[in-house]
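Structure file protein-v1.cif; described as mmCIF, N, CA and C atoms.
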data_model
loop_
_atom_site.label_atom_id
_atom_site.label_comp_id
_atom_site.auth_asym_id
_atom_site.auth_seq_id
_atom_site.Cartn_x
_atom_site.Cartn_y
_atom_site.Cartn_z
N MET A 1 55.96 178.42 107.32
CA MET A 1 54.97 178.89 108.27
C MET A 1 54.17 180.01 107.61
N PRO A 2 52.85 179.92 107.62
CA PRO A 2 52.02 180.97 107.04
C PRO A 2 52.20 182.28 107.82
N SER A 3 51.79 183.40 107.21
CA SER A 3 51.92 184.67 107.92
C SER A 3 50.59 185.42 107.92
N GLY A 4 50.46 186.34 108.89
CA GLY A 4 49.30 187.21 108.97
C GLY A 4 47.98 186.48 109.13
N LYS A 5 47.00 186.92 108.33
CA LYS A 5 45.64 186.37 108.39
C LYS A 5 45.65 184.86 108.09
N ARG A 6 46.47 184.46 107.16
CA ARG A 6 46.57 183.05 106.80
C ARG A 6 47.10 182.23 107.97
N TYR A 7 48.05 182.78 108.73
CA TYR A 7 48.59 182.10 109.91
C TYR A 7 47.51 181.91 110.95
N ARG A 8 46.71 182.92 111.22
CA ARG A 8 45.64 182.82 112.22
C ARG A 8 44.62 181.75 111.81
N ARG A 9 44.30 181.69 110.52
CA ARG A 9 43.37 180.67 110.03
C ARG A 9 43.99 179.28 110.17
N TRP A 10 45.27 179.15 109.82
CA TRP A 10 45.99 177.90 109.94
C TRP A 10 46.04 177.47 111.40
N LEU A 11 46.38 178.41 112.30
CA LEU A 11 46.45 178.09 113.72
C LEU A 11 45.07 177.68 114.24
N GLY A 12 44.03 178.36 113.81
CA GLY A 12 42.67 178.00 114.21
C GLY A 12 42.32 176.59 113.78
N CYS A 13 42.72 176.21 112.59
CA CYS A 13 42.45 174.84 112.10
C CYS A 13 43.18 173.81 112.94
N ILE A 14 44.45 174.04 113.22
CA ILE A 14 45.18 173.02 113.98
C ILE A 14 44.74 173.01 115.44
N LEU A 15 44.32 174.16 115.97
CA LEU A 15 43.82 174.17 117.34
C LEU A 15 42.50 173.41 117.42
N ALA A 16 41.64 173.60 116.45
CA ALA A 16 40.38 172.85 116.43
C ALA A 16 40.64 171.36 116.32
N LEU A 17 41.56 170.98 115.46
CA LEU A 17 41.94 169.58 115.33
C LEU A 17 42.47 169.07 116.66
N ALA A 18 43.32 169.85 117.29
CA ALA A 18 43.94 169.42 118.53
C ALA A 18 42.92 169.28 119.65
N ILE A 19 42.04 170.24 119.79
CA ILE A 19 41.05 170.19 120.87
C ILE A 19 40.15 168.98 120.70
N THR A 20 39.64 168.78 119.50
CA THR A 20 38.72 167.67 119.29
C THR A 20 39.45 166.35 119.24
N GLY A 21 40.66 166.33 118.68
CA GLY A 21 41.41 165.08 118.59
C GLY A 21 41.85 164.56 119.94
N VAL A 22 42.37 165.40 120.78
CA VAL A 22 42.84 164.96 122.09
C VAL A 22 41.67 164.74 123.02
N ALA A 23 40.62 165.49 122.89
CA ALA A 23 39.47 165.34 123.78
C ALA A 23 38.81 163.99 123.64
N SER A 24 39.00 163.35 122.52
CA SER A 24 38.32 162.07 122.30
C SER A 24 39.05 160.89 122.91
N ARG A 25 40.29 161.10 123.42
CA ARG A 25 41.06 160.00 123.99
C ARG A 25 41.17 160.16 125.50
N CYS A 26 41.17 159.04 126.22
CA CYS A 26 41.30 159.06 127.67
C CYS A 26 42.31 158.01 128.10
N ALA A 27 43.05 158.30 129.15
CA ALA A 27 44.04 157.36 129.67
C ALA A 27 43.35 156.15 130.29
N PRO A 28 43.97 154.98 130.21
CA PRO A 28 43.34 153.78 130.75
C PRO A 28 43.08 153.85 132.25
N GLN A 29 43.91 154.60 133.01
CA GLN A 29 43.71 154.63 134.45
C GLN A 29 42.54 155.53 134.86
N THR A 30 42.02 156.32 133.95
CA THR A 30 40.90 157.20 134.26
C THR A 30 39.70 156.78 133.43
N PRO A 31 38.61 156.35 134.06
CA PRO A 31 37.43 156.00 133.26
C PRO A 31 37.01 157.18 132.39
N ALA A 32 36.68 156.87 131.15
CA ALA A 32 36.36 157.91 130.18
C ALA A 32 35.26 158.84 130.66
N SER A 33 34.20 158.27 131.21
CA SER A 33 33.08 159.13 131.62
C SER A 33 33.45 160.03 132.78
N ALA A 34 34.26 159.54 133.72
CA ALA A 34 34.68 160.37 134.86
C ALA A 34 35.57 161.51 134.39
N LEU A 35 36.50 161.21 133.50
CA LEU A 35 37.38 162.25 132.98
C LEU A 35 36.58 163.26 132.17
N GLU A 36 35.68 162.76 131.34
CA GLU A 36 34.86 163.65 130.53
C GLU A 36 34.02 164.58 131.41
N ASP A 37 33.46 164.03 132.48
CA ASP A 37 32.66 164.85 133.41
C ASP A 37 33.51 165.94 134.04
N GLN A 38 34.75 165.59 134.41
CA GLN A 38 35.62 166.55 135.07
C GLN A 38 36.09 167.66 134.12
N LEU A 39 36.33 167.30 132.87
CA LEU A 39 36.97 168.25 131.96
C LEU A 39 36.03 168.91 130.96
N SER A 40 34.80 168.44 130.85
CA SER A 40 33.91 169.00 129.83
C SER A 40 33.65 170.50 130.01
N PRO A 41 33.52 171.03 131.24
CA PRO A 41 33.35 172.49 131.35
C PRO A 41 34.58 173.25 130.85
N ALA A 42 35.76 172.71 131.12
CA ALA A 42 36.99 173.38 130.67
C ALA A 42 37.10 173.34 129.15
N ILE A 43 36.78 172.20 128.56
CA ILE A 43 36.84 172.07 127.10
C ILE A 43 35.80 172.97 126.45
N ALA A 44 34.62 173.03 127.04
CA ALA A 44 33.57 173.92 126.50
C ALA A 44 34.01 175.37 126.57
N ALA A 45 34.64 175.76 127.67
CA ALA A 45 35.12 177.14 127.80
C ALA A 45 36.18 177.44 126.75
N LEU A 46 37.07 176.49 126.52
CA LEU A 46 38.11 176.68 125.51
C LEU A 46 37.51 176.78 124.11
N LYS A 47 36.58 175.90 123.80
CA LYS A 47 35.94 175.94 122.47
C LYS A 47 35.18 177.24 122.26
N SER A 48 34.63 177.81 123.33
CA SER A 48 33.87 179.06 123.20
C SER A 48 34.79 180.28 123.17
N GLY A 49 36.08 180.07 123.41
CA GLY A 49 37.03 181.18 123.37
C GLY A 49 37.26 181.85 124.71
N ASP A 50 36.69 181.33 125.79
CA ASP A 50 36.89 181.90 127.12
C ASP A 50 38.17 181.33 127.71
N LEU A 51 39.29 181.91 127.31
CA LEU A 51 40.59 181.38 127.70
C LEU A 51 40.83 181.47 129.20
N ASP A 52 40.37 182.54 129.82
CA ASP A 52 40.58 182.69 131.26
C ASP A 52 39.87 181.59 132.03
N LYS A 53 38.63 181.34 131.71
CA LYS A 53 37.85 180.31 132.39
C LYS A 53 38.43 178.93 132.11
N ALA A 54 38.76 178.66 130.86
CA ALA A 54 39.33 177.37 130.50
C ALA A 54 40.64 177.14 131.24
N SER A 55 41.49 178.14 131.26
CA SER A 55 42.77 178.04 131.97
C SER A 55 42.56 177.74 133.44
N GLN A 56 41.63 178.46 134.04
CA GLN A 56 41.32 178.26 135.46
C GLN A 56 40.84 176.83 135.71
N LEU A 57 39.93 176.34 134.88
CA LEU A 57 39.37 175.01 135.07
C LEU A 57 40.40 173.90 134.84
N PHE A 58 41.26 174.05 133.85
CA PHE A 58 42.31 173.06 133.64
C PHE A 58 43.32 173.09 134.79
N ALA A 59 43.66 174.29 135.28
CA ALA A 59 44.58 174.39 136.42
C ALA A 59 43.97 173.74 137.66
N GLU A 60 42.68 173.92 137.85
CA GLU A 60 41.99 173.28 138.98
C GLU A 60 42.02 171.76 138.84
N ALA A 61 41.89 171.27 137.63
CA ALA A 61 41.97 169.82 137.41
C ALA A 61 43.34 169.30 137.84
N LEU A 62 44.40 170.04 137.50
CA LEU A 62 45.73 169.64 137.93
C LEU A 62 45.83 169.63 139.45
N GLN A 63 45.26 170.64 140.09
CA GLN A 63 45.28 170.70 141.55
C GLN A 63 44.54 169.53 142.18
N ARG A 64 43.52 169.04 141.49
CA ARG A 64 42.76 167.88 141.98
C ARG A 64 43.47 166.57 141.67
N GLY A 65 44.61 166.64 141.01
CA GLY A 65 45.38 165.43 140.71
C GLY A 65 45.11 164.80 139.37
N VAL A 66 44.40 165.48 138.50
CA VAL A 66 44.15 164.95 137.15
C VAL A 66 45.43 165.17 136.34
N ARG A 67 46.17 164.10 136.12
CA ARG A 67 47.39 164.15 135.31
C ARG A 67 47.10 163.40 134.03
N HIS A 68 46.61 164.12 133.07
CA HIS A 68 46.19 163.53 131.81
C HIS A 68 46.70 164.40 130.67
N PRO A 69 47.08 163.79 129.55
CA PRO A 69 47.61 164.57 128.43
C PRO A 69 46.66 165.68 127.96
N ILE A 70 45.37 165.45 128.04
CA ILE A 70 44.43 166.47 127.56
C ILE A 70 44.52 167.76 128.37
N VAL A 71 44.81 167.63 129.67
CA VAL A 71 44.92 168.82 130.52
C VAL A 71 46.14 169.63 130.09
N TYR A 72 47.29 168.97 129.99
CA TYR A 72 48.51 169.67 129.60
C TYR A 72 48.41 170.19 128.16
N HIS A 73 47.86 169.37 127.29
CA HIS A 73 47.71 169.79 125.89
C HIS A 73 46.88 171.07 125.79
N ASN A 74 45.74 171.08 126.46
CA ASN A 74 44.87 172.25 126.34
C ASN A 74 45.42 173.47 127.06
N LEU A 75 46.19 173.28 128.13
CA LEU A 75 46.90 174.42 128.72
C LEU A 75 47.92 174.96 127.72
N GLY A 76 48.52 174.06 126.95
CA GLY A 76 49.43 174.49 125.88
C GLY A 76 48.70 175.25 124.79
N VAL A 77 47.53 174.79 124.43
CA VAL A 77 46.71 175.48 123.43
C VAL A 77 46.40 176.89 123.91
N ILE A 78 46.01 177.02 125.16
CA ILE A 78 45.68 178.34 125.72
C ILE A 78 46.91 179.24 125.70
N ALA A 79 48.05 178.73 126.15
CA ALA A 79 49.28 179.53 126.14
C ALA A 79 49.64 179.94 124.72
N GLN A 80 49.48 179.02 123.78
CA GLN A 80 49.80 179.32 122.38
C GLN A 80 48.88 180.41 121.84
N MET A 81 47.60 180.32 122.16
CA MET A 81 46.65 181.33 121.69
C MET A 81 46.96 182.70 122.28
N ARG A 82 47.57 182.72 123.44
CA ARG A 82 47.95 183.98 124.08
C ARG A 82 49.32 184.46 123.64
N GLY A 83 49.97 183.71 122.76
CA GLY A 83 51.29 184.10 122.27
C GLY A 83 52.41 183.76 123.22
N GLN A 84 52.16 182.92 124.20
CA GLN A 84 53.15 182.51 125.20
C GLN A 84 53.77 181.19 124.74
N GLN A 85 54.66 181.29 123.76
CA GLN A 85 55.16 180.09 123.08
C GLN A 85 56.02 179.20 123.98
N GLU A 86 56.83 179.79 124.86
CA GLU A 86 57.66 178.96 125.74
C GLU A 86 56.80 178.16 126.70
N ALA A 87 55.79 178.79 127.27
CA ALA A 87 54.89 178.08 128.17
C ALA A 87 54.12 177.00 127.40
N ALA A 88 53.69 177.34 126.20
CA ALA A 88 52.96 176.37 125.37
C ALA A 88 53.83 175.15 125.10
N ALA A 89 55.07 175.38 124.72
CA ALA A 89 55.98 174.26 124.43
C ALA A 89 56.17 173.38 125.67
N ALA A 90 56.28 174.00 126.83
CA ALA A 90 56.45 173.22 128.07
C ALA A 90 55.22 172.35 128.32
N TYR A 91 54.04 172.91 128.13
CA TYR A 91 52.81 172.12 128.33
C TYR A 91 52.70 170.98 127.31
N PHE A 92 53.02 171.27 126.05
CA PHE A 92 52.94 170.21 125.03
C PHE A 92 53.93 169.10 125.34
N ARG A 93 55.10 169.46 125.86
CA ARG A 93 56.09 168.44 126.23
C ARG A 93 55.57 167.58 127.39
N GLN A 94 54.87 168.20 128.34
CA GLN A 94 54.28 167.43 129.43
C GLN A 94 53.22 166.48 128.90
N ALA A 95 52.41 166.95 127.96
CA ALA A 95 51.40 166.08 127.36
C ALA A 95 52.06 164.92 126.64
N LEU A 96 53.15 165.20 125.92
CA LEU A 96 53.84 164.16 125.17
C LEU A 96 54.57 163.17 126.09
N ALA A 97 54.96 163.61 127.26
CA ALA A 97 55.57 162.68 128.21
C ALA A 97 54.55 161.61 128.62
N LEU A 98 53.28 162.00 128.67
CA LEU A 98 52.21 161.06 129.04
C LEU A 98 51.66 160.30 127.84
N GLU A 99 51.72 160.92 126.67
CA GLU A 99 51.18 160.30 125.46
C GLU A 99 52.07 160.64 124.26
N PRO A 100 53.19 159.92 124.12
CA PRO A 100 54.16 160.24 123.07
C PRO A 100 53.61 160.17 121.65
N ALA A 101 52.55 159.42 121.43
CA ALA A 101 52.00 159.25 120.08
C ALA A 101 50.93 160.28 119.74
N SER A 102 50.86 161.37 120.48
CA SER A 102 49.87 162.41 120.19
C SER A 102 50.35 163.30 119.05
N GLY A 103 49.77 163.08 117.89
CA GLY A 103 50.13 163.90 116.74
C GLY A 103 49.75 165.36 116.94
N ALA A 104 48.61 165.60 117.59
CA ALA A 104 48.15 166.97 117.81
C ALA A 104 49.12 167.74 118.70
N SER A 105 49.59 167.11 119.77
CA SER A 105 50.55 167.79 120.66
C SER A 105 51.87 168.03 119.94
N ARG A 106 52.30 167.06 119.13
CA ARG A 106 53.54 167.24 118.37
C ARG A 106 53.40 168.38 117.35
N LEU A 107 52.26 168.44 116.71
CA LEU A 107 52.01 169.48 115.72
C LEU A 107 52.07 170.86 116.36
N LEU A 108 51.38 171.02 117.48
CA LEU A 108 51.35 172.34 118.12
C LEU A 108 52.68 172.67 118.79
N LEU A 109 53.38 171.66 119.30
CA LEU A 109 54.73 171.90 119.82
C LEU A 109 55.62 172.41 118.69
N GLY A 110 55.52 171.78 117.53
CA GLY A 110 56.30 172.24 116.38
C GLY A 110 55.97 173.67 116.00
N ALA A 111 54.69 174.04 116.06
CA ALA A 111 54.29 175.42 115.74
C ALA A 111 54.87 176.40 116.75
N SER A 112 54.87 176.04 118.02
CA SER A 112 55.45 176.92 119.04
C SER A 112 56.96 177.05 118.85
N LEU A 113 57.61 175.93 118.54
CA LEU A 113 59.05 175.98 118.31
C LEU A 113 59.38 176.84 117.10
N LEU A 114 58.56 176.77 116.05
CA LEU A 114 58.77 177.65 114.89
C LEU A 114 58.63 179.11 115.29
N ALA A 115 57.62 179.40 116.09
CA ALA A 115 57.41 180.79 116.54
C ALA A 115 58.57 181.29 117.37
N MET A 116 59.25 180.36 118.07
CA MET A 116 60.42 180.74 118.88
C MET A 116 61.72 180.67 118.06
N GLN A 117 61.58 180.41 116.76
CA GLN A 117 62.69 180.30 115.81
C GLN A 117 63.66 179.17 116.18
N LYS A 118 63.11 178.10 116.72
CA LYS A 118 63.89 176.88 117.00
C LYS A 118 63.56 175.90 115.88
N ASN A 119 64.05 176.24 114.71
CA ASN A 119 63.64 175.57 113.48
C ASN A 119 64.03 174.10 113.40
N ILE A 120 65.19 173.74 113.91
CA ILE A 120 65.62 172.34 113.83
C ILE A 120 64.73 171.47 114.72
N GLU A 121 64.48 171.91 115.95
CA GLU A 121 63.58 171.19 116.84
C GLU A 121 62.16 171.14 116.26
N ALA A 122 61.74 172.26 115.69
CA ALA A 122 60.40 172.33 115.11
C ALA A 122 60.25 171.33 113.97
N GLU A 123 61.26 171.27 113.11
CA GLU A 123 61.21 170.34 111.98
C GLU A 123 61.08 168.89 112.47
N ASP A 124 61.79 168.56 113.53
CA ASP A 124 61.72 167.21 114.08
C ASP A 124 60.31 166.90 114.59
N GLU A 125 59.73 167.82 115.34
CA GLU A 125 58.38 167.60 115.88
C GLU A 125 57.33 167.56 114.78
N LEU A 126 57.47 168.44 113.81
CA LEU A 126 56.50 168.48 112.72
C LEU A 126 56.59 167.23 111.85
N SER A 127 57.79 166.72 111.66
CA SER A 127 57.95 165.47 110.91
C SER A 127 57.27 164.32 111.64
N LYS A 128 57.42 164.27 112.96
CA LYS A 128 56.76 163.24 113.75
C LYS A 128 55.24 163.39 113.66
N ALA A 129 54.77 164.64 113.68
CA ALA A 129 53.32 164.88 113.59
C ALA A 129 52.77 164.37 112.26
N VAL A 130 53.50 164.62 111.18
CA VAL A 130 53.05 164.16 109.86
C VAL A 130 52.98 162.63 109.83
N LYS A 131 53.96 161.97 110.44
CA LYS A 131 53.95 160.50 110.47
C LYS A 131 52.78 159.98 111.30
N LEU A 132 52.44 160.70 112.37
CA LEU A 132 51.34 160.26 113.24
C LEU A 132 49.97 160.60 112.67
N MET A 133 49.91 161.64 111.84
CA MET A 133 48.63 162.10 111.27
C MET A 133 48.76 162.33 109.77
N PRO A 134 49.07 161.31 109.01
CA PRO A 134 49.34 161.52 107.57
C PRO A 134 48.16 162.06 106.77
N GLN A 135 46.94 161.81 107.23
CA GLN A 135 45.77 162.28 106.49
C GLN A 135 45.40 163.74 106.81
N GLN A 136 46.02 164.32 107.81
CA GLN A 136 45.66 165.69 108.22
C GLN A 136 46.49 166.71 107.45
N PRO A 137 45.85 167.51 106.60
CA PRO A 137 46.60 168.51 105.83
C PRO A 137 47.28 169.54 106.73
N GLU A 138 46.73 169.79 107.92
CA GLU A 138 47.33 170.77 108.83
C GLU A 138 48.71 170.34 109.26
N ALA A 139 48.93 169.03 109.35
CA ALA A 139 50.23 168.51 109.77
C ALA A 139 51.30 168.78 108.70
N ARG A 140 50.88 168.77 107.45
CA ARG A 140 51.83 169.02 106.37
C ARG A 140 52.02 170.50 106.17
#
Serialized structure, structure tokens:
Amino acid sequence: MPSGKRYRRWLGCILALAITGVASRCAPQTPASALEDQLSPAIAALKSGDLDKASQLFAEALQRGVRHPIVYHNLGVIAQMRGQQEAAAAYFRQALALEPASGASRLLLGASLLAMQKNIEAEDELSKAVKLMPQQPEAR
């Protein structure tokens, strides 16, 4: 795990990968355009760094019944950016329950587990992330 300034740069790279990678996929039960319309303000807020607004908008989506991996994943991203690793891990696990093949969620779950010093669990998740995203250097 990188440290200091290098860690923040590494985390920024994997968060950018995660936000854009998960945002491009939609569940079959939700039409892509409808989901995109509902979540685009939240994703825009997250990309701009407005964590409070993004968190509020994703939480509102959950209240409206939007149960989609992107919602849980991005709530995990927000928690991770705030240093709330246990909450982040819980959100990433919820995202993975809906989309087990999400390399981005596995990668960030592994990062949170490393931060919590749960190295064996982290290694398992990170290994799965590498298998799911072999071309992504952030996964390695």
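The space between atom C of Ala89 (chain A) and atom N of Pro69 (chain A) spans 13.8 Å.
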Q: Apply the PyMOL selection byres ((chain A and resi 76) around 6) to the file shown and report the selected residues as JSON, numbers by chain.
A: {"A": [71, 72, 73, 74, 75, 77, 78, 79, 80, 81, 87, 88, 89, 91, 92]}
Q: Would you work out the distance separating CA of Leu39 (chain A) from atom N of Ala61 (chain A), expressed in Å to one decimal?
A: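 Distance reported for this atom pair: 8.1 Å.
We find atom C of Gln63 (chain A) and atom N of Ala34 (chain A) to be spaced 16.6 Å apart.
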Q: Step by step, work through what the PyMOL selection byres ((chain A and resi 42) around 7) selects in the shown file, and finish by giving those residues as JSON, numbers by chain.
A: {"A": [38, 39, 40, 41, 43, 44, 45, 46, 47, 53, 54, 55, 57, 58]}
**Q.** Nearest to Ser127 (chain A) by atom-to-atom distance, counting all atoms listed in the file, from A:Arg106, A:Arg67, A:Arg93, A:Arg82
**A.**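 Comparing A:Arg106, A:Arg67, A:Arg93, A:Arg82 against Ser127 (chain A), the winner is A:Arg106.
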Q. Out of A:Asp50, A:Val66, A:Ser112, A:Leu107, which residue has the shortest atom-to-atom distance to Glu125 (chain A) when counting all atoms listed in the file?
A.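 Among the listed residues, A:Leu107 lies closest to Glu125 (chain A).
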Q | Option closest in space to Glu86 (chain A), from A:Leu108, A:Ala59, A:Met116, A:Ala101 [counting only C-alpha atoms] | A | A:Met116
